[in-house]
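Worksheet: one structure, shown below.
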Amino acid sequence: MKRSKTMEFGVGLFMLAGILGLVFLGLKVSGLDLQRADDTYELRANFANIGGLKPRARVTMAGVTVGRVESIELDTEFYDAVVVMSLDSSLAGKLPDDSTAAILTSGLLGEQYIGLSVGGSPEMIAEGEAIRDTQSALVLEELIQQFVSNLTKD
Amino acid sequence: MIERITHMGRRGCDLLEAVGRASIFLGQSMLGRPSAEGFSLWVAQVYAVGVLSLAIVLVSGLFIGMVLALQGYTILVGFGAEDALGQMVSLALLRELAPVVAALLFAGRAGSALTAEIGLMKATEQLTSMEMIGVDPLRRIVAPRLWAGFVSLPLLTIGFSVVGVYGGYLVGVEWLGVFEGSYWGNMQASVGFFTDIGNGVVKSIVFAIVVTWIAVFQGYDLVPTSEGISRATTRTVVYSSLAVLGLDFVLTAVMFGGLS
Amino acid sequence: MTASSLVEVENLHFTRGDRDIFRGVDLSIPRGKITAIMGPSGTGKTTLLKLIGGQLNPSGGRVLIDGQDVHRLSRKDLFQMRRRMGMLFQSGALFSDLSVYENVAFPLRVHTDLPESMVRDVVLMKLEAVGLRGARDLMPAELSGGMTRRVALARAVALDPELILYDEPFVGQDPISMGVLVQLIRRLNQALGLTAVVVSHDIKETLSIADYVYVVADGRVMAHGTPASLDVEQDARVSQFVHGEPDGPVPFHYPANDFHDDILGQGSRP
């Protein structure tokens with residue numbers, strides 16, 4: 001068999017490149033974070049309406065991405081949405097308990113994401129607790145409805 | 001009229017018979033455990049089929065990523081949504097373009113070569129003489145080529161995607177000035193590892209099996225003359241291209257079309 | 001079946017498409033002798049070899065090798081049986097991706113567990129026998145037609161088979177390589193005592209080495225005997241073939257309508 005070392009090397013390189021490519025796609029393109037379990041912590045927030053928020057959406061603070069949405073469930077007691085976020089562990093125990101979470105939209109048609117803003121309370125939120133002060137997503141139809149009903153009232 | 005119907009019926013029977021022969025062929029080649037020597041034969045074939053197709057696949061991937069970014073930008077900028085460029089480029093590549101285009105290139109570059117190589121071996125009685133020496137050519141010639149194809153095309157497809165995403169980055173971010181953070185950020189927010197990358201890889205595995213199978217079977221089953229070889233190579237490219245495009249529709253319907 | 005015959009072909013029938021290639025062929029190939037199967041081209045001599053080697057299945061009759069029915073063996077037993085056979089193909093059929101050395105070593109590597117040094121000794125011995133020990137590093141594409149056939153011969157005898165089948169060994173060879181091949185076939189037969197079947201239509205060379213000759217035509221055995229007895233054969237067709245006359249019972253012309261009518265038919269067009 002005409003099989004030289006260079007050929008074997010080429011095949012090895014080829015397969016290695018394929019695996020590295022898959023890793024690149026996983027990390028860089030799909031944003032799969034292998035170390036998420038280690039250096040993140042979870043916070044919850046209840047929203048009356050989440051609009052078009054989806055799992056894996058960004059969580060930002062002052063415009064900087066600090067985490068992402070893990071899961072969204074319906075709270076069957078209060079009939080509102082429970083959003084579980086995983087945040088960078090460097091923020092653990094540093095958020096005051098009167099911080100607010102708002103569902104915002106990037107641009108007019110863009111994705112929805114959560115924006116956190118820091119309050120001034122001396123008490124900090126512990127891991128796994130809920131942010132109480134939340135602001136729901138703006139739903140265009142509701143806005144229009146309010147606007148129209150205000151018009152007709154006058 | 002009756003003659004036409006009879007003719008059609010005969011063609012149908014021929015087709016069924018060919019499919020049956022091809023299936024038996026695939027079964028016979030794939031069964032049986034590979035030996036230590038089989039591995040080194042396989043390595044040689046991965047080189048011939050995979051490594052040598054790398055250049056054409058990567059260059060095509062780069063250009064397709066660049067074109068996607070350019071076209072996408074001109075459309076998205078009209079809505080002020082050019083930040084979604086990364087999302088558009090990556091989803092188009094991962095879900096559709098990389099598996100399909102890489103499979104088509106693979107059929108043209110490696111599939112036709114496989115057909116011609118095996119056909120030539122048949123025409124020069126190499127397969128018969130191997131059989132007379134007491135070695136099953138299905139094991140020795142066909143099986144390593146099949147396995148090499150099955151492994152190579154998914155790897156090539158991944159390479160295609162990576163280079164394509166990078167090509168989109170070059171045009172979108174470096175040239176057209178889309179914000180780098182939103183290119184990657186939008187991409188990461190919308191691409192799911194299993195839903196998008198995983199399904200793309202599954203597609204490419206299916207295409208790899210179909211294209212390699214067609215190529216090797218066409219080579220093994222051809223009429224051993226120079227005309228027969230040239231016709232079989234053409235058939236390989238035509239059949240495997242059609243099979244890839246047709247199967248892509250079916251797979252897309254199952255994976256993303258809500259059929260499941 | 002006599003104890004001295006290695007291969008016994010009994011009432012063999014073979015059909016390809018609508019054409020009957022063989023309609024009841026009986027052959028008996030004696031052990032340790034060179035048997036020639038001759039006949040005009042297109043009579044399926046190569047097909048006969050493939051039937052003996054078990055690559056084709058007959059539509060009737062059977063082929064016995066050492067008492068075993070070739071076409072009733074399982075795939076595994078058939079491959080086992082083929083280890084005892086060598087076949088020299090018309091085109092040589094060397095594996096184009098292997099060097100001369102590796103080609104000859106191929107049967108040894110797949111069928112034996114010999115250490116590399118033993119393989120080397122056997123390969124060099126076989127190559128020496130065909131006079132091509134110096135060409136061991138060449139690739140098949142670099143060989144002339146005669147050399148290709150000699151390498152193929154070395155490969156065919158690499159495992160010291162009991163039976164060797166030669167498919168048209170003399171076709172397309174210049175007189176020198178033809179002489180070399182005749183020499184080699186005879187020497188292998190005498191030195192190793194192997195049984196040989198030569199399929200050929202080269203009368204002079206074949207008759208010079210064969211111990212026994214079968215003439216096959218029209219799907220049957222037309223005549224058989226020693227070369228000397230065939231030379232004085234009375235049958236018109238056999239003698240036409242043996243003496244190489246262009247026209248006779250085997251017509252020179254492919255069947256057609258009358259020549260005159262054909263010509264005049266064309267000419268009488270308005």
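Here, A, B, ... name the chains of the structure tokens in the order displayed, residue numbers run from 1 inside each chain, and ligands are numbered from 1 in the same displayed order.
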Show me, as a PDB file with C-alpha atoms, in the first residue's frame, the residues that have an atom within 10 Å of stretch 132-139 of chain A when counting only C-alpha atoms, minus same-chain residues fewer than 5 positions from it.
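Written output follows (selection-v2.pdb):
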ATOM      1  CA  ARG A  44     -35.608  34.582  39.326  1.00  0.00           C
ATOM      2  CA  ALA A  45     -37.975  37.318  38.322  1.00  0.00           C
ATOM      3  CA  ASN A  46     -41.759  37.356  37.924  1.00  0.00           C
ATOM      4  CA  PHE A  47     -43.270  39.283  35.050  1.00  0.00           C
ATOM      5  CA  ALA A  48     -46.919  39.975  34.350  1.00  0.00           C
ATOM      6  CA  ASN A  49     -46.244  39.650  30.639  1.00  0.00           C
ATOM      7  CA  ILE A  50     -43.035  38.563  28.959  1.00  0.00           C
ATOM      8  CA  GLY A  51     -44.080  39.447  25.410  1.00  0.00           C
ATOM      9  CA  GLY A  52     -41.729  37.723  22.997  1.00  0.00           C
ATOM     10  CA  LEU A  53     -38.949  36.855  25.442  1.00  0.00           C
ATOM     11  CA  ALA A  81     -44.372  34.260  34.188  1.00  0.00           C
ATOM     12  CA  ASP A  97     -32.668  43.762  46.607  1.00  0.00           C
ATOM     13  CA  ASP A  98     -34.455  46.754  45.078  1.00  0.00           C
ATOM     14  CA  SER A  99     -32.836  46.220  41.678  1.00  0.00           C
ATOM     15  CA  THR A 100     -35.285  46.145  38.780  1.00  0.00           C
ATOM     16  CA  ALA A 101     -35.590  43.835  35.801  1.00  0.00           C
ATOM     17  CA  ALA A 102     -37.249  45.073  32.628  1.00  0.00           C
ATOM     18  CA  ILE A 103     -38.006  43.322  29.372  1.00  0.00           C
ATOM     19  CA  LEU A 104     -36.635  45.536  26.617  1.00  0.00           C
ATOM     20  CA  THR A 105     -36.499  45.337  22.858  1.00  0.00           C
ATOM     21  CA  GLN A 112     -36.307  41.005  23.379  1.00  0.00           C
ATOM     22  CA  TYR A 113     -33.913  40.860  26.285  1.00  0.00           C
ATOM     23  CA  ILE A 114     -33.832  41.585  30.007  1.00  0.00           C
ATOM     24  CA  GLY A 115     -32.233  44.727  31.310  1.00  0.00           C
ATOM     25  CA  LEU A 116     -31.245  44.923  34.963  1.00  0.00           C
ATOM     26  CA  GLY A 119     -31.086  49.966  43.115  1.00  0.00           C
ATOM     27  CA  ILE A 144     -52.615  50.817  20.804  1.00  0.00           C
TER      28      ILE A 144
END
I need the chain C residues near chain A as a PyMOL selection string; criterion: at most 9 Å, counting only C-alpha atoms.
chain C and resi 97-99+102
Would you give me, as a tab-separated table, each residue of chain B having an atom within 10 Å of an atom of chain A, along with its shortest atom pair and that distance in Å to one decimal, using only C-alpha atoms and sorting by chain and residue number?
residue	atom	partner	partner_atom	distance
B:Ser40	CA	A:Arg3	CA	8.2
B:Leu41	CA	A:Met1	CA	8.1
B:Val43	CA	A:Val11	CA	6.7
B:Ala44	CA	A:Arg3	CA	6.5
B:Gln45	CA	A:Val11	CA	9.3
B:Val46	CA	A:Val11	CA	6.5
B:Tyr47	CA	A:Val11	CA	5.5
B:Ala48	CA	A:Met7	CA	9.1
B:Gly50	CA	A:Phe14	CA	7.8
B:Val51	CA	A:Phe14	CA	6.2
B:Leu52	CA	A:Gly10	CA	9.5
B:Leu54	CA	A:Phe14	CA	8.4
B:Phe79	CA	A:Leu109	CA	8.6
B:Gly80	CA	A:Gly107	CA	8.5
B:Ala81	CA	A:Gly110	CA	7.4
B:Asp83	CA	A:Gly110	CA	8.6
B:Ala84	CA	A:Gly110	CA	8.2
B:Gly86	CA	A:Val29	CA	8.9
B:Gln87	CA	A:Val29	CA	9.0
B:Ser90	CA	A:Val29	CA	7.3
B:Leu91	CA	A:Val29	CA	9.6
B:Leu94	CA	A:Leu25	CA	9.2
B:Val151	CA	A:Met15	CA	9.0
B:Ser152	CA	A:Met15	CA	8.3
B:Pro154	CA	A:Gly18	CA	8.3
B:Leu155	CA	A:Gly18	CA	4.9
B:Leu156	CA	A:Gly18	CA	7.1
B:Thr157	CA	A:Gly18	CA	8.7
B:Ile158	CA	A:Gly21	CA	6.0
B:Gly159	CA	A:Gly21	CA	6.0
B:Phe160	CA	A:Gly21	CA	9.2
B:Ser161	CA	A:Leu25	CA	8.0
B:Val162	CA	A:Gly21	CA	6.2
B:Val163	CA	A:Gly21	CA	9.0
B:Val165	CA	A:Val29	CA	8.2
B:Tyr183	CA	A:Val29	CA	9.8
B:Trp184	CA	A:Val29	CA	6.9
B:Gly185	CA	A:Gly31	CA	8.2
B:Asn186	CA	A:Glu111	CA	8.6
B:Met187	CA	A:Val29	CA	5.9
B:Gln188	CA	A:Ser30	CA	4.4
B:Ala189	CA	A:Ala57	CA	6.1
B:Ser190	CA	A:Ser30	CA	7.3
B:Val191	CA	A:Ser30	CA	4.6
B:Gly192	CA	A:Ser30	CA	5.4
B:Phe193	CA	A:Ser30	CA	5.5
B:Phe194	CA	A:Ser30	CA	9.1
B:Thr195	CA	A:Ser30	CA	9.9
B:Asp196	CA	A:Ser30	CA	8.4
B:Ile197	CA	A:Leu25	CA	7.5
B:Gly198	CA	A:Gly26	CA	9.7
B:Val201	CA	A:Leu22	CA	9.5
Using DSSP on the backbone coordinates, identify the residues of stretch 183-251 of chain C assigned to helix (DSSP H, G or I); present them as JSON, numbers by chain.
{"C": [183, 184, 185, 186, 187, 188, 189, 190, 191, 192, 203, 204, 205, 206, 207, 208, 209, 227, 228, 229, 230, 231, 236, 237, 238, 239, 240, 241, 242, 243]}
Point-to-point distance from atom CA of A:Met124 to atom CA of A:Asp88, Å rounded to tenths:
15.5 Å
With chain C as the partner and 8 Å as the cut-off, tabulate the residues of chain B that qualify, each row holding the nearest pair of atoms and their distance in Å to one decimal, using only C-alpha atoms, sorted by chain and rising number, as a Markdown table.
| residue | atom | partner | partner_atom | distance |
| --- | --- | --- | --- | --- |
| B:Met121 | CA | C:Phe95 | CA | 7.9 |
| B:Thr124 | CA | C:Ala93 | CA | 5.6 |
| B:Glu125 | CA | C:Ala93 | CA | 5.2 |
| B:Gln126 | CA | C:Ala93 | CA | 4.7 |
| B:Ser129 | CA | C:Ala93 | CA | 6.4 |
| B:Glu131 | CA | C:Phe79 | CA | 7.7 |
| B:Met132 | CA | C:Arg82 | CA | 5.9 |
| B:Ile133 | CA | C:Arg83 | CA | 6.2 |
| B:Gly134 | CA | C:Phe79 | CA | 4.6 |
| B:Val135 | CA | C:Phe79 | CA | 7.1 |
Mind dumping the selected residues with N, CA and C atoms as a CSV table (one decimal), in the first residue's frame?
chain,number,residue,atom,x,y,z
B,121,MET,N,-10.9,-0.4,-12.2
B,121,MET,CA,-10.5,-1.7,-11.6
B,121,MET,C,-11.3,-2.8,-12.1
B,124,THR,N,-10.2,-3.5,-15.8
B,124,THR,CA,-8.9,-4.1,-16.0
B,124,THR,C,-8.9,-5.5,-15.2
B,125,GLU,N,-10.0,-6.0,-14.9
B,125,GLU,CA,-10.1,-7.3,-14.2
B,125,GLU,C,-9.5,-7.4,-12.9
B,126,GLN,N,-9.2,-6.2,-12.3
B,126,GLN,CA,-8.5,-6.2,-10.9
B,126,GLN,C,-9.5,-6.8,-9.9
B,129,SER,N,-9.7,-10.6,-10.4
B,129,SER,CA,-8.5,-11.3,-10.0
B,129,SER,C,-8.4,-11.3,-8.5
B,131,GLU,N,-10.9,-11.5,-6.5
B,131,GLU,CA,-11.8,-12.6,-6.1
B,131,GLU,C,-11.1,-13.9,-6.3
B,132,MET,N,-10.4,-14.1,-7.4
B,132,MET,CA,-9.7,-15.3,-7.7
B,132,MET,C,-8.6,-15.6,-6.7
B,133,ILE,N,-8.0,-14.5,-6.2
B,133,ILE,CA,-7.0,-14.8,-5.1
B,133,ILE,C,-7.6,-15.2,-3.8
B,134,GLY,N,-8.9,-15.0,-3.8
B,134,GLY,CA,-9.6,-15.4,-2.6
B,134,GLY,C,-9.9,-14.2,-1.6
B,135,VAL,N,-9.9,-13.0,-2.1
B,135,VAL,CA,-10.2,-11.8,-1.3
B,135,VAL,C,-11.4,-11.2,-1.8
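DSSP, applied to the backbone of this structure, assigns strand (DSSP E) to the following residues of stretch 97-225 of chain C: Leu163, Ile164, Leu165, Tyr166, Asp167, Thr195, Ala196, Val197, Val198, Val199, Ser200, Tyr212, Val213, Tyr214, Val215, Val216, Ala217, Arg220, Val221, Met222, Ala223, His224 and Gly225 of chain C.
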Excluding same-chain residues fewer than 4 positions from A:Ser89, what lies within 8 Å of it counting only C-alpha atoms, as JSON, numbers by chain?
{"A": [39, 40, 41]}
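Among A:Leu91, A:Leu74, A:Val66, A:Ile131, the residue with the shortest atom-to-atom distance to A:Leu43, counting only C-alpha atoms, is A:Ile131.
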What separates atom CA of C:Val7 and atom CA of C:Ile29 is a distance of 5.1 Å
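Interatomic distance, atom CA of C:Asp174 against atom CA of C:Val130: 16.6 Å.
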Do you know which residues are at most 10 Å from B:Glu96 counting only C-alpha atoms, after dropping those on the same chain fewer than 2 positions away, and could you put them as a VMD selection string?
chain B and resid 90 to 94 98 to 101 196 199 to 200 203 to 204 248 to 249 252
